[in-house]
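Notes follow once the structure below has been shown.
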Amino acid sequence: MSISKIDYGELAAPLSRKPEAPSADGSKGGRRLLRFPLRVVKWALLAVILAVLPFLLLIRGGVFAYQQWELQPWLALALSATATTLLLALYAFVASRRIGAGKGLTKLMTRAAMLLAGAYVVYSVMFVAVGNVKSPEVKAEYTALHPLLRLGASALILVDSDAMITDAGRTPDFYRRLGLPPNESSLHFEQESGFVHALDLRTIGRSDRRNRAVEIAFRAMGFHTLRHVGTADHLHVSLR
């Protein structure tokens, strides 16, 4: 007579197993939630950089060419404007490729970006809104400013519609009317370049944080700034 043997190993195995670890899906989902705000911040920073870069190339690049390479004002501006136009054309080309545009639309977007850059430069050096100058006299003096200073002022007005130019070119009569001796070294006078190299911006009635941001922005664009009290509290911006 045969005796059947029962193997209890297989029956005991499930009882001896340790509880399984929780599914990793939950932890992955948590990590994904944490990554989302980081991605938002990353894309926001990238958007800011891409938006600011053309202005830095246009204005600071022009200031660099004017000061370091000693190019004529209009030549320095033309060089930086050309570089900026090409950069915007590259933006348009990459964007069109990302959305899967055809050759025709890609060419159209690229040309539109180049025309936009050219139109902005022409407008900036030729016009300033009445609401951004203190008086008709200052508006008339706008085209006497160095072209790169006009570009800097236009960039400021683009992001700060309340910005106001209170002074640009001056003459010895200006100081005489105030009872002050003429400052012959003032950059508000016409310089050897044929242009005025300084302008004043209103600071009264604006918060210190706002005025400080404007000062930092002009320094980032390559200009010299000085907050001082002359005839009135103002921010002096100049091109050395």
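A note on labels: chains of the structure tokens are A, B, ... as shown, every chain counts residues from 1, and ligands are counted from 1 in their shown order.
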*Exercise: Phe223 (chain A) partners within 10 Å, only C-alpha atoms, chain neighbours under 2 positions left out, as a PyMOL selection string*: chain A and resi 59-60+63+148-149+152+198+215-221+225+237-240
*asked:* Please list as a PyMOL selection string every residue within 6 Å of region 126-136 of chain A, counting only C-alpha atoms and excluding residues in the same chain fewer than 4 positions away.
replied: chain A and resi 163-166
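For region 73-89 of chain A, the set of protein, DNA and RNA residues having any atom at most 8 Å away, when counting only C-alpha atoms and skipping those fewer than 5 positions along the same chain, is A:Pro54, A:Phe55, A:Leu57, A:Leu58, A:Ile59, A:Gly61, A:Gly62, A:Val63, A:Ala65, A:Tyr66, A:Met109, A:Thr110, A:Arg111, A:Ala113, A:Met114, A:Ala117, A:Gly118, A:Val121, A:His146, A:Pro147, A:Leu148, A:Ser193.
When only C-alpha atoms are used to measure the gap to His236 (chain A), the shortest distance among A:Trp69, A:Arg202, A:Ala155, A:Phe195 belongs to A:Arg202.
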*asked:* Going by DSSP on the backbone, which residues of region 26-198 of chain A come out as strand (DSSP E or B)? List them as a PyMOL selection string.
replied: chain A and resi 133+145+165-167+190+196+198
